[in-house]
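For reference, the structure discussed in these notes is given below.
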Amino acid sequence: MRSLLCAAFLALGTATAATTAATELRPFSADDVFELEWARAPEIAPDRSQVLWIRTGYDRRSDRPRGALWITDVATGASEPLVTGPGSYHSPRFSPDGTRLAYIASESGKTHLRMRWLASGRETIVADLDSAPRQVAWSPDGTTLAFTLFTPGEGLTLGKAKPRKPDDARWADPMRVIDDLVFRFDGRGYLKEGADQVYVVPAHGGTPRAVTEGGDGFSAPAWSADGKTLYVVGNDGPDPELDPIESEIYAVDVATGARRALTDRDGPDRSPTPSPDGTMLAWLGYDDERRAYQQTELYVQGPDDNAPRLLTADFDHGLSSLSWRDDGQALLAQATVRGQLHLVEIDLEGNVTTLLRDMGGTSLGRPYGSGDHAVRGTGAERVMAWTVADPLRPAELAIQVGTGPARIVTDLNSDLLEEIALPRIEELTVPSRLDGLPIQAWMAIPAGVSADGTAPLLLEIHGGPFAMYTPAFAAEIQRYAAEGYVTVWANPRGSTGYGEAFAQEIDEAYPGPDHEDLMSVVDAVLAQGWVDEKRLFITGGSGGGVLSAYATGMTDRFAAAAVIKPVINWFTMALAGDIGVVVSRHWIRGNPWENPQKYFDRSPIRVVGNVTTPTLVMVGEEDWRTPAWEAEQWYTALKMQGVPSAYVRVPGASHTIAARPSNLVAKVDTIMAWFEKYDPAKVKSDGEGLPDHP
């Protein structure tokens with residue numbers, strides 16, 4: 001499949017060669033980031049004649065991604081806009097008969113669930129809601145929509161005094177009383193009292209009705225074939241905050257709200273997916289062994305099964321985005337496989353067939369494995385639509401009918417990228433110097449750079465740490481390459497996509513052996529002759545921030561470092577981060593007061609006394625995943641030792657610093673400015689501009 005898709009892009013390049021041959025190509029600039037567009041979230045019409053998808057780009061005025069709904073004819077590949085306007089439009093869902101489209105519209109600070117009649121183009125607002133609905137699902141008969149909605153609740157109230165407040169007085173805000181373990185969460189800030197619940201509403205419009213209540217909230221509604229039951233996910237057990245990954249699947253009677261649990265094991269069960277005929281239920285989950293990482297497995301249970309059947313015992317890759325094949329004889333899912341995002345088909349005997357290998361392209365900042373797909377029909381009538389991952393393009397939309405050729409039917413970025421000198425992307429497989437374990441990596445070699453040993457090298461480390469980088473287009477990598485950095489990114493042990501054992505190599509050992517893998521990759525790039533060993537730089541965010549900080553405490557080989565949104569001290573992370581209970585329960589497996597030495601041994605702060613590398617530290621001011629005090633501990637310790645350092649706070653930013661394009665640009669340019677300040681090749685011969693080392 002990859003050869004087909006690459007050939008399509010090659011043909012595209014040949015067609016534009018005449019226009020670019022006489023024009024000198026230019027570097028990828030900060031301004032170009034705002035011009036990128038990408039396809040995502042394809043949805044195939046029930047009659048398989050059209051594919052609906054979201055055309056996404058960055059809006060300069062709002063400084064945020066904004067999506068419009070476009071539709072493509074499967075037979076011709078011709079595309080046209082369907083829903084555009086001043087807002088952003090997403091989550092489209094065809095009605096079962098294909099005559100209507102439900103979608104979510106965000107305009108002027110308000111979010112609505114809308115209905116569009118496709119033949120006439122007329123629309124209505126299905127429900128006027130106080131917060132944004134999610135996970136919209138049609139009932140099989142097309143009469144009702146189910147969705148997830150945050151539902152306010154009442155918290156603890158203390159104090160009885162109620163002095164009279166004059167009408168025009170400006171008193172202090174009321175005190176915030178907190179009695180929840182998790183009271184703030186990244187991307188949401190201080191949490192309001194309440195929880196997600198599942199609602200239903202008539203598809204023609206009306207008053208939403210809650211079908212769940214209580215518990216720790218419920219979500220992910222999926223209809224039974226007869227439309228009488230909704231399968232939902234939640235945790236109705238005691239003290240759910242103390243086991244935040246725990247969840248069960250419940251069957252909810254739509255008419256009465258009566259609820260019964262279908263699963264009861266210790267571990268997360270999610271993504272309930274009933275078969276087309278309603279006789280079987282599939283879902284994803286695993287038995288919780290309290291490990292830092294455990295592989296997500298696929299289970300199915302039918303009327304003749306006394307217990308759930310595990311279908312993926314012999315498939316050692318994590319799964320997501322579960323659906324049934326239309327004939328009910330197999331399931332489809334996305335799988336992370338060795339730096340690629342695959343679409344796989346799993347039959348009821350557990351046999352796995354790979355349908356696609358190059359999904360991805362929807363992670364625009366850094367090259368994470370992120371993509372979307374849709375499938376309808378079987379055999380010669382099967383239509384697949386997916387977002388294509390490519391090193392030199394953000395996601396385009398591809399369509400395949402039956403066993404025919406895959407066609408890329410969009411061309412969203414040639415008008416921009418045909419003018420730009422993009423880097424060459426090469427793959428590396430490097431044996432770790434620790435034990436020979438093969439480590440997959442990729443290298444972006446800037447246009448015009450030759451193997452003369454003079455270029456700077458930038459090691460960019462992914463977060464997670466249980467995540468996967470891919471060779472997909474990423475704006476941050478492109479910006480580094482445009483400024484002349486040979487940029488390398490890798491999947492050290494602990495990354496997903498290489499089997500459960502590979503990911504568990506850092507269980508109770510992070511950071512540690514993964515550092516050796518990354519240094520092995522740096523050594524391999526040096527051996528190729530592209531870079532100057534005195535011009536080595538390192539950066540990474542979140543889990544990559546952990547490893548960037550740790551690396552500078554283990555080696556002085558880097559000229560400068562940029563440590564982004566790190567965890568520096570597992571004590572404070574476990575007690576004040578939004579996922580602190582996961583850290584103590586699954587990563588460290590013990591509370592800080594029970595085994596303080598274990599926490600200290602895993603904390604980068606223990607090696608800060610070794611650091612001499614000039615270090616930039618950056619964090620979002622509203623980051624509650626790795627809160628600002630983590631970055632501040634590293635910065636303060638460096639300052640106390642006289643290590644050249646700077647601390648950058650990003651106003652209004654959560655853990656996803658680059659969610660807004662202006663922050664993506666500023667983040668990268670700030671990092672490169674810091675590196676340039678300490679780049680030996682940029683320091684003037686008379687000493688002007690030399691850094692002040694301790």
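Following the order of the structure tokens, chains are lettered A, B, ..., residues in each are numbered from 1, and ligands are numbered from 1.
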
task: Excluding Val252 in chain A and any residue of its chain fewer than 3 positions from it, enumerate the residues within 9 Å of it, using only C-alpha atoms, and give them as a list in words.
output: Val211, Thr212, Lys228, Thr229, Leu230, Tyr231, Val232, Ala255, Thr256, Gly257, Ala258, Arg259, Arg260 and Ala261 of chain A

Same residues, C-alpha atoms, saved as an mmCIF file, in the first residue's frame:
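In the end it all went to result.cif:
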data_model
loop_
_atom_site.group_PDB
_atom_site.id
_atom_site.type_symbol
_atom_site.label_atom_id
_atom_site.label_comp_id
_atom_site.auth_asym_id
_atom_site.auth_seq_id
_atom_site.Cartn_x
_atom_site.Cartn_y
_atom_site.Cartn_z
ATOM 1 C CA VAL A 211 -30.679 7.932 30.872
ATOM 2 C CA THR A 212 -27.809 7.616 33.357
ATOM 3 C CA LYS A 228 -34.003 -0.557 23.474
ATOM 4 C CA THR A 229 -30.610 -0.601 25.206
ATOM 5 C CA LEU A 230 -27.607 1.668 25.383
ATOM 6 C CA TYR A 231 -24.219 0.222 26.273
ATOM 7 C CA VAL A 232 -22.184 2.755 28.259
ATOM 8 C CA ALA A 255 -37.059 3.665 28.584
ATOM 9 C CA THR A 256 -36.489 3.307 32.320
ATOM 10 C CA GLY A 257 -32.786 4.045 32.920
ATOM 11 C CA ALA A 258 -32.362 0.690 34.697
ATOM 12 C CA ARG A 259 -28.682 -0.207 34.632
ATOM 13 C CA ARG A 260 -26.798 -3.510 34.985
ATOM 14 C CA ALA A 261 -23.075 -4.219 34.760
#

- prompt: Which neighbours of range 300-312 of chain A fall inside 7 Å, counting only C-alpha atoms, when residues of the same chain fewer than 3 positions from it are skipped, and could you give them as a ChimeraX atom specification?
  reply: /A:279-283,297,315,348-350

Quick one: write out the picked residues with all heavy atoms as a compact mmCIF listing (two decimals), in the first residue's frame?
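Output file out.txt is given in full below:
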# COMPACT_ATOMS: atom_id res chain seq x y z
N THR A 279 -26.38 -9.86 18.38
CA THR A 279 -26.20 -11.09 19.15
C THR A 279 -24.90 -11.12 19.94
O THR A 279 -24.76 -11.91 20.87
CB THR A 279 -26.23 -12.31 18.22
OG1 THR A 279 -25.15 -12.21 17.27
CG2 THR A 279 -27.55 -12.39 17.48
N MET A 280 -23.92 -10.27 19.59
CA MET A 280 -22.63 -10.29 20.26
C MET A 280 -22.24 -8.87 20.67
O MET A 280 -22.67 -7.89 20.06
CB MET A 280 -21.56 -10.88 19.34
CG MET A 280 -21.72 -12.37 19.08
SD MET A 280 -20.41 -13.02 18.01
CE MET A 280 -20.95 -12.38 16.43
N LEU A 281 -21.40 -8.80 21.68
CA LEU A 281 -20.84 -7.53 22.12
C LEU A 281 -19.32 -7.66 22.16
O LEU A 281 -18.78 -8.60 22.73
CB LEU A 281 -21.36 -7.16 23.51
CG LEU A 281 -20.89 -5.79 24.04
CD1 LEU A 281 -21.52 -4.66 23.24
CD2 LEU A 281 -21.22 -5.64 25.53
N ALA A 282 -18.64 -6.71 21.54
CA ALA A 282 -17.17 -6.65 21.58
C ALA A 282 -16.75 -5.43 22.38
O ALA A 282 -17.48 -4.43 22.44
CB ALA A 282 -16.61 -6.59 20.16
N TRP A 283 -15.56 -5.50 22.98
CA TRP A 283 -15.04 -4.35 23.70
C TRP A 283 -13.53 -4.50 23.87
O TRP A 283 -12.94 -5.55 23.58
CB TRP A 283 -15.74 -4.18 25.05
CG TRP A 283 -15.49 -5.26 26.08
CD1 TRP A 283 -14.53 -5.27 27.04
CD2 TRP A 283 -16.24 -6.48 26.24
NE1 TRP A 283 -14.63 -6.41 27.81
CE2 TRP A 283 -15.66 -7.16 27.34
CE3 TRP A 283 -17.32 -7.05 25.58
CZ2 TRP A 283 -16.15 -8.40 27.77
CZ3 TRP A 283 -17.81 -8.26 26.01
CH2 TRP A 283 -17.23 -8.93 27.09
N GLU A 297 -6.52 -5.28 24.88
CA GLU A 297 -6.92 -6.50 24.18
C GLU A 297 -8.37 -6.39 23.70
O GLU A 297 -9.13 -5.55 24.18
CB GLU A 297 -6.78 -7.72 25.11
CG GLU A 297 -5.42 -7.89 25.76
CD GLU A 297 -4.36 -8.43 24.81
OE1 GLU A 297 -4.66 -8.62 23.61
OE2 GLU A 297 -3.23 -8.68 25.26
N PHE A 315 -1.79 -11.44 19.23
CA PHE A 315 -1.51 -10.20 18.51
C PHE A 315 -0.97 -9.19 19.50
O PHE A 315 -1.71 -8.67 20.34
CB PHE A 315 -2.79 -9.67 17.85
CG PHE A 315 -2.57 -8.46 16.98
CD1 PHE A 315 -1.86 -8.55 15.80
CD2 PHE A 315 -3.10 -7.22 17.35
CE1 PHE A 315 -1.66 -7.43 15.00
CE2 PHE A 315 -2.91 -6.10 16.55
CZ PHE A 315 -2.19 -6.22 15.38
N LEU A 348 -13.49 -13.91 14.20
CA LEU A 348 -13.97 -14.42 15.49
C LEU A 348 -13.14 -15.57 16.02
O LEU A 348 -13.38 -16.05 17.14
CB LEU A 348 -15.44 -14.81 15.38
CG LEU A 348 -16.37 -13.64 15.01
CD1 LEU A 348 -17.82 -14.11 14.91
CD2 LEU A 348 -16.25 -12.52 16.04
N GLU A 349 -12.15 -16.03 15.24
CA GLU A 349 -11.19 -17.02 15.73
C GLU A 349 -9.88 -16.37 16.17
O GLU A 349 -8.95 -17.06 16.56
CB GLU A 349 -10.92 -18.05 14.63
CG GLU A 349 -12.16 -18.80 14.16
CD GLU A 349 -12.85 -19.53 15.29
OE1 GLU A 349 -12.13 -20.12 16.13
OE2 GLU A 349 -14.10 -19.50 15.34
N GLY A 350 -9.79 -15.06 16.03
CA GLY A 350 -8.58 -14.36 16.44
C GLY A 350 -7.55 -14.19 15.35
O GLY A 350 -6.44 -13.73 15.62

field: Spatial neighbours of Ala551 in chain A, max dist 8 Å, only C-alpha atoms, sep filter under 4 positions, as JSON, numbers by chain
entry: {"A": [515, 547, 555]}

- request: Determine which residues of range 568-606 of chain A receive a DSSP assignment of helix (DSSP H, G or I), computed from the backbone, and state them as a VMD selection string.
  value: chain A and resid 570 to 576 580 to 587 596 to 602 604 to 606

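The spacing separating CA of Ile579 in chain A from CA of Gln294 in chain A amounts to 16.7 Å.
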
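Surrounding range 322-330 of chain A within 7 Å are Ser271, Thr273, Ser275, Pro276, Ala333, Glu345, Ile346, Asp347, Leu348, Arg376, Gly377 and Thr378 of chain A, with only C-alpha atoms counted and residues fewer than 3 positions along the same chain left out.
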
message: I'd like the contact shell of Arg557 in chain A - 12 Å cut-off, only C-alpha atoms, skipping same-chain residues fewer than 2 positions apart - returned as a ChimeraX atom specification.
response: /A:457,519,522-523,532-538,551-555,559-561,611-614

task: Find the residues around Leu412 in chain A up to 10 Å (only C-alpha atoms counted), leave out those fewer than 4 positions away in its own chain, and share them as a PyMOL selection string.
output: chain A and resi 35-39+55-57+393-397+416-417

Save out the residues we just selected, N, CA and C atoms, as a short mmCIF file (atom, residue, chain, number, x, y, z; two decimals), in the first residue's frame.
data_model
loop_
_atom_site.label_atom_id
_atom_site.label_comp_id
_atom_site.auth_asym_id
_atom_site.auth_seq_id
_atom_site.Cartn_x
_atom_site.Cartn_y
_atom_site.Cartn_z
N GLU A 35 -0.65 28.10 7.47
CA GLU A 35 -1.24 27.77 6.17
C GLU A 35 -1.50 26.28 5.99
N LEU A 36 -1.05 25.45 6.91
CA LEU A 36 -1.21 24.00 6.76
C LEU A 36 -2.68 23.60 6.88
N GLU A 37 -3.06 22.58 6.12
CA GLU A 37 -4.39 22.00 6.21
C GLU A 37 -4.27 20.48 6.26
N TRP A 38 -5.27 19.83 6.83
CA TRP A 38 -5.24 18.38 6.88
C TRP A 38 -6.65 17.82 6.93
N ALA A 39 -6.79 16.59 6.46
CA ALA A 39 -8.06 15.87 6.50
C ALA A 39 -8.13 15.04 7.77
N ARG A 55 -12.26 19.10 6.82
CA ARG A 55 -11.11 19.84 6.31
C ARG A 55 -10.69 20.83 7.39
N THR A 56 -9.50 20.61 7.94
CA THR A 56 -9.06 21.34 9.12
C THR A 56 -7.85 22.20 8.79
N GLY A 57 -7.83 23.38 9.34
CA GLY A 57 -6.69 24.28 9.21
C GLY A 57 -6.63 25.20 10.41
N ARG A 393 3.89 15.51 3.97
CA ARG A 393 2.56 16.09 3.82
C ARG A 393 1.74 15.84 5.09
N PRO A 394 0.97 16.83 5.56
CA PRO A 394 -0.06 16.51 6.55
C PRO A 394 -1.10 15.58 5.93
N ALA A 395 -2.02 15.10 6.74
CA ALA A 395 -2.94 14.05 6.31
C ALA A 395 -3.77 14.47 5.10
N GLU A 396 -3.75 13.61 4.08
CA GLU A 396 -4.68 13.71 2.95
C GLU A 396 -5.69 12.57 3.09
N LEU A 397 -6.79 12.66 2.34
CA LEU A 397 -7.82 11.64 2.38
C LEU A 397 -7.59 10.63 1.26
N LEU A 416 1.17 25.28 -1.04
CA LEU A 416 2.16 25.81 -0.10
C LEU A 416 3.49 25.07 -0.21
N LEU A 417 3.44 23.75 -0.13
CA LEU A 417 4.67 22.97 0.05
C LEU A 417 5.49 22.83 -1.22
#

message: I need the residues of range 211-426 of chain A that end up classed as strand (DSSP E) by DSSP on the backbone, written out as a ChimeraX atom specification.
response: /A:218-223,229-234,248-253,259-261,269-274,281-285,297-301,309-310,319-324,330-337,340-347,352-359,373-376,383-390,393-401,407-408,424-426

message: With only C-alpha atoms as the counted atoms, please give the residues lying no more than 12 Å from Arg493 in chain A, apart from itself and same-chain residues fewer than 5 positions off, as a ChimeraX atom specification.
response: /A:293,338,430-432,434-441,462,464-468,498-507,509-518

Store the residues picked out above in a file with N, CA, C and O atoms, as a compact mmCIF listing (two decimals), in the first residue's frame.
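Everything below was put into out.txt:
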# COMPACT_ATOMS: atom_id res chain seq x y z
N TYR A 293 2.44 -0.04 32.06
CA TYR A 293 1.80 -0.18 30.76
C TYR A 293 1.27 -1.60 30.62
O TYR A 293 1.96 -2.57 30.98
N ARG A 338 5.14 -0.86 15.10
CA ARG A 338 6.49 -0.50 14.69
C ARG A 338 6.54 0.82 13.92
O ARG A 338 6.98 0.90 12.79
N VAL A 430 18.73 1.10 15.21
CA VAL A 430 19.98 1.21 15.95
C VAL A 430 19.99 0.21 17.10
O VAL A 430 19.05 0.19 17.91
N PRO A 431 21.03 -0.64 17.21
CA PRO A 431 21.12 -1.50 18.39
C PRO A 431 21.49 -0.68 19.62
O PRO A 431 22.44 0.11 19.59
N SER A 432 20.73 -0.86 20.71
CA SER A 432 21.02 -0.12 21.93
C SER A 432 22.37 -0.54 22.50
O SER A 432 22.70 -1.72 22.54
N LEU A 434 23.01 -0.55 25.42
CA LEU A 434 22.78 -1.23 26.69
C LEU A 434 22.76 -2.74 26.53
O LEU A 434 23.43 -3.46 27.28
N ASP A 435 22.00 -3.23 25.54
CA ASP A 435 21.83 -4.68 25.41
C ASP A 435 21.58 -5.14 23.98
O ASP A 435 21.21 -6.29 23.76
N GLY A 436 21.75 -4.23 23.01
CA GLY A 436 21.56 -4.60 21.62
C GLY A 436 20.12 -4.58 21.14
O GLY A 436 19.85 -4.90 19.98
N LEU A 437 19.17 -4.19 22.00
CA LEU A 437 17.77 -4.12 21.60
C LEU A 437 17.62 -3.16 20.42
O LEU A 437 18.09 -2.02 20.48
N PRO A 438 16.96 -3.58 19.32
CA PRO A 438 16.84 -2.68 18.17
C PRO A 438 15.89 -1.52 18.46
O PRO A 438 14.77 -1.72 18.94
N ILE A 439 16.33 -0.31 18.12
CA ILE A 439 15.57 0.92 18.36
C ILE A 439 15.31 1.59 17.01
O ILE A 439 16.25 1.87 16.26
N GLN A 440 14.05 1.85 16.73
CA GLN A 440 13.67 2.48 15.47
C GLN A 440 13.71 4.00 15.62
O GLN A 440 13.27 4.55 16.63
N ALA A 441 14.24 4.66 14.61
CA ALA A 441 14.36 6.12 14.64
C ALA A 441 14.25 6.66 13.23
O ALA A 441 14.35 5.91 12.24
N HIS A 462 9.87 11.88 22.41
CA HIS A 462 8.41 11.89 22.60
C HIS A 462 8.03 11.74 24.07
O HIS A 462 8.80 11.32 24.92
N GLY A 464 4.75 10.63 26.91
CA GLY A 464 4.02 9.41 27.22
C GLY A 464 4.28 8.91 28.64
O GLY A 464 3.49 9.15 29.52
N PRO A 465 5.39 8.18 28.84
CA PRO A 465 6.36 7.73 27.85
C PRO A 465 5.84 6.61 26.95
O PRO A 465 6.51 6.20 26.02
N PHE A 466 4.61 6.13 27.26
CA PHE A 466 4.04 5.02 26.49
C PHE A 466 3.28 5.61 25.30
O PHE A 466 2.06 5.80 25.34
N ALA A 467 4.02 5.93 24.26
CA ALA A 467 3.48 6.53 23.05
C ALA A 467 4.37 6.10 21.90
O ALA A 467 5.37 5.39 22.09
N MET A 468 4.03 6.55 20.69
CA MET A 468 4.78 6.11 19.51
C MET A 468 4.95 7.26 18.53
O MET A 468 3.97 7.91 18.16
N TYR A 498 5.65 -1.96 19.68
CA TYR A 498 6.69 -2.99 19.54
C TYR A 498 6.43 -4.18 20.47
O TYR A 498 7.33 -4.98 20.72
N GLY A 499 5.22 -4.29 20.96
CA GLY A 499 4.87 -5.38 21.84
C GLY A 499 4.85 -4.95 23.29
O GLY A 499 5.51 -3.98 23.70
N GLU A 500 4.10 -5.69 24.10
CA GLU A 500 3.95 -5.34 25.51
C GLU A 500 5.27 -5.42 26.26
O GLU A 500 5.56 -4.58 27.11
N ALA A 501 6.09 -6.43 25.96
CA ALA A 501 7.35 -6.59 26.68
C ALA A 501 8.27 -5.40 26.43
O ALA A 501 8.98 -4.94 27.34
N PHE A 502 8.30 -4.89 25.21
CA PHE A 502 9.14 -3.74 24.87
C PHE A 502 8.71 -2.52 25.69
O PHE A 502 9.54 -1.80 26.24
N ALA A 503 7.39 -2.29 25.77
CA ALA A 503 6.89 -1.15 26.54
C ALA A 503 7.18 -1.32 28.03
O ALA A 503 7.49 -0.35 28.73
N GLN A 504 7.13 -2.55 28.53
CA GLN A 504 7.34 -2.78 29.95
C GLN A 504 8.82 -2.81 30.34
O GLN A 504 9.13 -2.97 31.52
N GLU A 505 9.70 -2.62 29.37
CA GLU A 505 11.14 -2.54 29.69
C GLU A 505 11.45 -1.39 30.65
O GLU A 505 12.49 -1.41 31.30
N ILE A 506 10.57 -0.37 30.71
CA ILE A 506 10.83 0.74 31.64
C ILE A 506 9.89 0.70 32.84
O ILE A 506 9.82 1.67 33.60
N ASP A 507 9.17 -0.40 33.02
CA ASP A 507 8.31 -0.53 34.19
C ASP A 507 9.16 -0.47 35.45
O ASP A 507 10.10 -1.26 35.63
N ALA A 509 11.39 1.51 36.05
CA ALA A 509 12.78 1.80 35.66
C ALA A 509 12.84 3.01 34.73
O ALA A 509 13.64 3.06 33.81
N TYR A 510 11.98 4.00 35.01
CA TYR A 510 11.88 5.17 34.13
C TYR A 510 12.12 6.44 34.93
O TYR A 510 11.50 6.61 35.98
N PRO A 511 13.03 7.32 34.46
CA PRO A 511 13.93 7.15 33.31
C PRO A 511 15.12 6.27 33.66
O PRO A 511 15.48 6.15 34.83
N GLY A 512 15.72 5.67 32.65
CA GLY A 512 16.85 4.77 32.88
C GLY A 512 17.34 4.14 31.61
O GLY A 512 18.08 4.76 30.84
N PRO A 513 16.94 2.90 31.32
CA PRO A 513 17.46 2.22 30.13
C PRO A 513 17.05 2.91 28.83
O PRO A 513 17.77 2.80 27.83
N ASP A 514 15.93 3.64 28.83
CA ASP A 514 15.53 4.37 27.62
C ASP A 514 16.53 5.47 27.28
O ASP A 514 16.72 5.81 26.11
N HIS A 515 17.20 6.01 28.29
CA HIS A 515 18.27 6.99 28.04
C HIS A 515 19.40 6.36 27.22
O HIS A 515 19.92 6.99 26.28
N GLU A 516 19.74 5.13 27.54
CA GLU A 516 20.81 4.45 26.79
C GLU A 516 20.41 4.26 25.33
O GLU A 516 21.23 4.38 24.41
N ASP A 517 19.13 3.97 25.09
CA ASP A 517 18.65 3.81 23.72
C ASP A 517 18.81 5.11 22.94
O ASP A 517 19.27 5.11 21.78
N LEU A 518 18.44 6.22 23.56
CA LEU A 518 18.50 7.51 22.88
C LEU A 518 19.94 7.93 22.60
O LEU A 518 20.24 8.47 21.52

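Closest to Glu24 in chain A among A:Pro446, A:Leu332, A:Ala421, A:Arg291 is A:Ala421, based on only C-alpha atoms.
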
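Between CA of Asp32 in chain A and CA of Arg479 in chain A the separation is 9.5 Å.
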
task: Select, from A:Pro92, A:Gly371, A:Gly494, A:Gly227, the residue with the minimum atom-to-atom distance to Ala251 in chain A, counting only C-alpha atoms.
output: A:Gly227

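Distances from A:Ile588, A:Ala562, A:Phe28, A:Met640 to Leu616 in chain A were compared using only C-alpha atoms, and the smallest one belongs to A:Ala562.
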
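Separating CA of His90 in chain A from CA of Leu113 in chain A is a distance of 10.1 Å.
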
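When only C-alpha atoms are used to compute distances to Arg424 in chain A, the closest of the residues A:Ala481, A:Ile71, A:Val401, A:Ala146 turns out to be A:Ala481.
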
field: Among listed residues A:Val409, A:Val650, A:Ile249, A:Val126, nearest Ala78 in chain A (using only C-alpha atoms)
entry: A:Val409

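Distances here use only C-alpha atoms; by that measure, the residue among A:Met359, A:Val643, A:Leu364, A:Ala474 closest to Val388 in chain A is A:Met359.
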